[in-house]
Amino acid sequence: MCLRHLVRPIAWVSLLCAILPVRLSSQTELASLTGTVMDPHGASIPGAQVRANRLGTGVSSTSVTNGSGLYVLTGLPPGRYQLVVRKQGFKEAVVDELVLSVQSRREQNFTLTVGSVSETVNVNASAVTINTQDGSVSTVIDRQFAENLPLNGRSFQTLINLTPGVVVAASNGWDSGQFNVNGQRAASNYWMVDGVSGNVGGSTYFGGNQMSGAIGTTSVLGGTNSLVSVDAMEEFRIQTSTFAPEFGRTPGGQISIATRSGANRFHGTLFDYLRNDAMDANIWFNGYTNTPALAKPEEKQNDFGGTISGPLWKDRTFFFFSYEGLRLRLPETNLSFVPDASFTPGGTLNSRQNALPAMQPYINVFPLPNKNSPEILCDPSTDQFCCDQSDYSFCPAQLPSGLVPSGIAEFNASFSNPATLDAYSLRIDHKLNDKISVFGRYNYSPSQSDQRGNESLNNPTSIHSIVQTATAGVTWAFSPRLADELRLNYSSTNSSSSGYLDDFGGGIPLQSVPFPSGYSLENSDFALDLFNSLGPYGWYDIGPIVGNLQRQINAVDNITVQKGTHALKFGFDYRRLSPQTKPFLYSMGVSFDNVPLFGQGMIDAVYDPVSVQSLVANTFLFRNISAFARDTWKVNPRLTFT
């Protein structure tokens, strides 16, 4: 098919897509190289062959200069290249090493000297790369830089924070974007891995921005290890402003990650990073503010793993496998309020023993107070405030008369929250012929965390997440002036959370819950709250909270056409999201205004003390179709219009 016959229908399709109400699509992770080949007098040399050999693999790409002496090489994976320029009647020009970064659009010009083609002239490519092709503002972080810095948790989010215009944002269950770019929302950043969307983040709460695919994928600890570990990353680029037309699904930062591939030599690494509390003293809060001192909580961080890569078929097929495991014990100290016990100093009310037999299983769930903890005093007439009679930290300057024990005491404890992560990644690259290369990558990463810290410290929340991604890509150079890049992806993030009880601090877990027939703690939730003027000072919540499943099918295709001094690029992006939320089927919550009422099973109807609800699972479907068209016109070596 004639090139001009192909360009015309593509241009009409792109114009139609520009008129329709579609959004801009994203670009693949591949780089491009362009430039002009001239003779010593500055005249263009048409028909010169330009070949880029990727060092370490033997894979090469070839282009031929057009009538204006312009060449274009597209679909180049990030890495180190040797450039060779040949034309009969001129000496061969060679650049021994030129580095291409992820999504870079680099220019390398050549001036050939008259002579025999058997003679070689070495050209020095400057180590400092200046972007002269567009006005985008971006930062590139390569693997060597990331590996040699002491990254906490071996996750590269901290490197993103070094980019100009990036500000750290507090993460939460609804909007866990983690950073703002140029004042945009934390949920306005777009992640790409090997050219496809990485915004498949899940949440362990109801709703949130993860339903529409606006959140990047992270582990339960908030790290990107579950998407791409540091050892499986080649490099990444974050663009913060003036993007090219193929970007713009979201107005924030555009983060593109390229994963590593193998080479012609076998290579392997092993690592183990260890951190513990063997040489640490107890923290100040455990020793100074508590008598006797609380035990030093365990702190351990063990991050281990390795990589192996090499050829399956020399010069044609390569593999790269990586594994990373994390075992973490995070120390914490917490102050909570619980119903008092008979050994509470100065107490006149023993809430646990005075409770009705039917209520004792529910009140004994709470941990026992510290034996040196006094009761909290409250005003029974107004219940406007309560005071801790040990240090009066909650009391006003002038104590009113008539304060009585409230049945509440303190429970201080130190503990460690456990967390685990495993990240497996396998990538295979294959060169079919001089024009077609393919790759496939599969990533599997489960992570889990158990977190205390609720008002009842024996009521941990267990959080689970399983991230899976499968990506396939084809790069097809139809001719030196026509190339296509196709990416297909399926991703899923399965996130869930649930609460349970243990015997931490002397608490006694419930043996049964009064659910209706057909409901149990396998599919239903039970919550109990205690209130006073301090707020919700005691509560526990057991059973499943929610299970969120995000699934993505993503297809991205980009076509590059070189026509004279115009570099035309067209592309589309189809993204199908089918998130599913599966909450508890039945929920029962009971609130008590104070401990004496709690012990007698009496509720206060003023505060809406009982809530019963039944929820059902929901599945949503979002389809995003995006398109773009771009013309980069090189008017002369010093002037380019996009």
# chains A, B, ... in the order shown; residues from 1 in each chain; ligands from 1
call {"tool": "closest_atom_pairs", "arguments": {"of": "region 189-300 of chain A", "to": "region 578-592 of chain A", "cutoff": "10 Å", "atoms": "only C-alpha atoms", "output": "CSV"}}
result
residue,atom,partner,partner_atom,distance
A:Val200,CA,A:Pro579,CA,9.5
A:Gly202,CA,A:Pro579,CA,9.2
A:Ser203,CA,A:Thr581,CA,9.8
A:Thr204,CA,A:Thr581,CA,9.8
A:Tyr205,CA,A:Pro583,CA,9.2
A:Phe206,CA,A:Thr581,CA,7.6
A:Gly207,CA,A:Thr581,CA,8.0
A:Gln210,CA,A:Pro579,CA,8.5
A:Met211,CA,A:Pro579,CA,5.9
A:Ser212,CA,A:Pro579,CA,7.8
A:Gly213,CA,A:Pro579,CA,8.7
call {"tool": "write_last_selection", "arguments": {"atoms": "N, CA and C atoms", "output": "PDB file, in the first residue's frame"}}
result
ATOM      1  N   VAL A 200      -4.864   1.061  38.845  1.00  0.00           N
ATOM      2  CA  VAL A 200      -5.774  -0.028  39.182  1.00  0.00           C
ATOM      3  C   VAL A 200      -5.770  -0.227  40.695  1.00  0.00           C
ATOM      4  N   GLY A 202      -6.702  -0.397  44.578  1.00  0.00           N
ATOM      5  CA  GLY A 202      -7.866  -0.834  45.332  1.00  0.00           C
ATOM      6  C   GLY A 202      -7.914  -0.153  46.686  1.00  0.00           C
ATOM      7  N   SER A 203      -9.058  -0.255  47.342  1.00  0.00           N
ATOM      8  CA  SER A 203      -9.251   0.360  48.644  1.00  0.00           C
ATOM      9  C   SER A 203      -9.901  -0.641  49.576  1.00  0.00           C
ATOM     10  N   THR A 204      -9.623  -0.506  50.862  1.00  0.00           N
ATOM     11  CA  THR A 204     -10.247  -1.355  51.865  1.00  0.00           C
ATOM     12  C   THR A 204     -11.386  -0.626  52.558  1.00  0.00           C
ATOM     13  N   TYR A 205     -11.924   0.405  51.894  1.00  0.00           N
ATOM     14  CA  TYR A 205     -13.067   1.147  52.395  1.00  0.00           C
ATOM     15  C   TYR A 205     -14.159   1.137  51.331  1.00  0.00           C
ATOM     16  N   PHE A 206     -15.307   1.683  51.682  1.00  0.00           N
ATOM     17  CA  PHE A 206     -16.398   1.784  50.718  1.00  0.00           C
ATOM     18  C   PHE A 206     -16.130   2.934  49.754  1.00  0.00           C
ATOM     19  N   GLY A 207     -16.483   2.721  48.487  1.00  0.00           N
ATOM     20  CA  GLY A 207     -16.400   3.799  47.506  1.00  0.00           C
ATOM     21  C   GLY A 207     -14.981   4.277  47.316  1.00  0.00           C
ATOM     22  N   GLN A 210     -10.898   4.826  43.828  1.00  0.00           N
ATOM     23  CA  GLN A 210     -10.415   3.628  43.159  1.00  0.00           C
ATOM     24  C   GLN A 210     -11.475   2.998  42.267  1.00  0.00           C
ATOM     25  N   MET A 211     -12.756   3.325  42.480  1.00  0.00           N
ATOM     26  CA  MET A 211     -13.806   2.729  41.670  1.00  0.00           C
ATOM     27  C   MET A 211     -13.671   3.118  40.199  1.00  0.00           C
ATOM     28  N   SER A 212     -13.265   4.352  39.924  1.00  0.00           N
ATOM     29  CA  SER A 212     -13.176   4.836  38.549  1.00  0.00           C
ATOM     30  C   SER A 212     -11.760   4.755  37.992  1.00  0.00           C
ATOM     31  N   GLY A 213     -10.857   4.077  38.704  1.00  0.00           N
ATOM     32  CA  GLY A 213      -9.504   3.910  38.196  1.00  0.00           C
ATOM     33  C   GLY A 213      -8.668   5.164  38.257  1.00  0.00           C
TER      34      GLY A 213
END
call {"tool": "residues_around", "arguments": {"residues": "Pro297 (chain A)", "least_positions_apart": "6", "cutoff": "9 Å", "atoms": "only C-alpha atoms", "output": "ChimeraX atom specification"}}
result
/A:277,282,330-333,414-416
call {"tool": "select_by_dssp", "arguments": {"residues": "region 325-563 of chain A", "states": "strand (DSSP E or B)", "output": "PyMOL selection string"}}
result
chain A and resi 325-339+375-378+386-388+404-431+436-451+461-479+482-499+524-532+535-563
call {"tool": "select_by_dssp", "arguments": {"residues": "region 234-454 of chain A", "states": "alpha helix (DSSP H)", "output": "list in words"}}
result
Trp284, Phe285, Asn286, Gly287, Ser351, Arg352, Gln353, Asn354, Gln360, Pro361, Tyr362 and Ile363 of chain A
call {"tool": "write_last_selection", "arguments": {"atoms": "N, CA and C atoms", "output": "CSV table (one decimal), in the first residue's frame"}}
result
chain,number,residue,atom,x,y,z
A,284,TRP,N,10.6,6.9,74.6
A,284,TRP,CA,10.3,7.7,75.7
A,284,TRP,C,8.9,7.5,76.3
A,285,PHE,N,7.9,7.4,75.5
A,285,PHE,CA,6.5,7.2,76.0
A,285,PHE,C,6.4,6.0,76.8
A,286,ASN,N,7.1,4.9,76.5
A,286,ASN,CA,7.0,3.7,77.2
A,286,ASN,C,7.6,3.7,78.6
A,287,GLY,N,8.7,4.5,78.8
A,287,GLY,CA,9.4,4.5,80.0
A,287,GLY,C,9.0,5.6,80.9
A,351,SER,N,-17.2,-2.0,86.9
A,351,SER,CA,-18.1,-2.1,85.8
A,351,SER,C,-18.3,-3.5,85.3
A,352,ARG,N,-17.2,-4.3,85.3
A,352,ARG,CA,-17.3,-5.6,84.8
A,352,ARG,C,-18.1,-6.6,85.7
A,353,GLN,N,-17.8,-6.5,87.0
A,353,GLN,CA,-18.6,-7.4,87.9
A,353,GLN,C,-20.0,-7.0,88.2
A,354,ASN,N,-20.3,-5.7,88.1
A,354,ASN,CA,-21.6,-5.2,88.3
A,354,ASN,C,-22.5,-5.3,87.1
A,360,GLN,N,-22.1,-9.2,80.4
A,360,GLN,CA,-20.7,-9.4,80.8
A,360,GLN,C,-19.9,-9.9,79.6
A,361,PRO,N,-20.4,-10.8,78.7
A,361,PRO,CA,-19.5,-11.2,77.6
A,361,PRO,C,-19.1,-10.1,76.7
A,362,TYR,N,-20.0,-9.1,76.6
A,362,TYR,CA,-19.7,-7.9,75.7
A,362,TYR,C,-18.8,-6.9,76.4
A,363,ILE,N,-18.9,-6.8,77.7
A,363,ILE,CA,-18.0,-5.9,78.4
A,363,ILE,C,-16.6,-6.4,78.7
call {"tool": "closest_residue", "arguments": {"among": "A:Phe156, A:Tyr442, A:Trp476, A:Phe318", "to": "Leu76 (chain A)", "atoms": "only C-alpha atoms"}}
result
A:Trp476
call {"tool": "closest_atom_pairs", "arguments": {"of": "region 454-500 of chain A", "to": "region 226-242 of chain A", "cutoff": "9 Å", "atoms": "only C-alpha atoms", "output": "Markdown table"}}
result
| residue | atom | partner | partner_atom | distance |
| --- | --- | --- | --- | --- |
| A:Ile466 | CA | A:Ser226 | CA | 8.4 |
| A:Val467 | CA | A:Ser226 | CA | 6.5 |
| A:Gln468 | CA | A:Leu227 | CA | 8.2 |
| A:Thr469 | CA | A:Leu227 | CA | 8.0 |
call {"tool": "residues_around", "arguments": {"residues": "Arg86 (chain A)", "least_positions_apart": "5", "cutoff": "7 Å", "atoms": "only C-alpha atoms", "output": "MDAnalysis selection string"}}
result
chainID A and resid 48:50 92:93 117
call {"tool": "atom_distance", "arguments": {"atom1": "CA of Phe526 (chain A)", "atom2": "CA of Leu221 (chain A)"}}
result
26.2 Å
call {"tool": "closest_residue", "arguments": {"among": "A:Gln448, A:Asn225, A:Asn594, A:Ser462", "to": "Trp539 (chain A)", "atoms": "only C-alpha atoms"}}
result
A:Asn594
call {"tool": "residues_around", "arguments": {"residues": "region 99-104 of chain A", "least_positions_apart": "6", "cutoff": "7 Å", "atoms": "only C-alpha atoms", "output": "list of chain:residue names"}}
result
A:Glu29, A:Leu30, A:Ala31, A:Ser32, A:Pro78, A:Gly79, A:Arg80, A:Tyr81, A:Glu235, A:Phe236, A:Arg237, A:Ala258
call {"tool": "write_last_selection", "arguments": {"atoms": "C-alpha atoms", "output": "PDB file, in the first residue's frame"}}
result
ATOM      1  CA  GLU A  29       7.159   3.699  27.365  1.00  0.00           C
ATOM      2  CA  LEU A  30       9.351   3.464  24.218  1.00  0.00           C
ATOM      3  CA  ALA A  31      11.794   6.131  23.087  1.00  0.00           C
ATOM      4  CA  SER A  32      12.396   7.687  19.671  1.00  0.00           C
ATOM      5  CA  PRO A  78      15.100   2.466  26.968  1.00  0.00           C
ATOM      6  CA  GLY A  79      18.759   1.531  27.211  1.00  0.00           C
ATOM      7  CA  ARG A  80      22.223   1.988  25.703  1.00  0.00           C
ATOM      8  CA  TYR A  81      22.673   2.002  21.903  1.00  0.00           C
ATOM      9  CA  GLU A 235      13.730   3.545  34.866  1.00  0.00           C
ATOM     10  CA  PHE A 236      10.774   5.857  35.179  1.00  0.00           C
ATOM     11  CA  ARG A 237       9.853   9.348  34.013  1.00  0.00           C
ATOM     12  CA  ALA A 258       9.730   0.829  32.008  1.00  0.00           C
TER      13      ALA A 258
END
call {"tool": "residues_around", "arguments": {"residues": "Phe366 (chain A)", "least_positions_apart": "2", "cutoff": "12 Å", "atoms": "only C-alpha atoms", "output": "ChimeraX atom specification"}}
result
/A:336-341,351-352,360-364,368-369,408-411,454-459,501-510,528-530,537-541
call {"tool": "residues_around", "arguments": {"residues": "Leu83 (chain A)", "least_positions_apart": "4", "cutoff": "10 Å", "atoms": "only C-alpha atoms", "output": "VMD selection string"}}
result
chain A and resid 50 to 54 60 to 62 93 to 98 108 122 to 123 125
call {"tool": "residues_around", "arguments": {"residues": "region 564-569 of chain A", "least_positions_apart": "2", "cutoff": "7 Å", "atoms": "only C-alpha atoms", "output": "ChimeraX atom specification"}}
result
/A:66,68,558-562,571,629-635
call {"tool": "closest_residue", "arguments": {"among": "A:Gly599, A:Pro514, A:Phe628, A:Thr218", "to": "Asn494 (chain A)", "atoms": "only C-alpha atoms"}}
result
A:Thr218
call {"tool": "closest_residue", "arguments": {"among": "A:Gln552, A:Thr57, A:Gln144, A:Thr471", "to": "His430 (chain A)", "atoms": "only C-alpha atoms"}}
result
A:Thr57
call {"tool": "closest_residue", "arguments": {"among": "A:Ile625, A:Leu33, A:Leu112, A:Ile542", "to": "Pro46 (chain A)", "atoms": "only C-alpha atoms"}}
result
A:Leu112
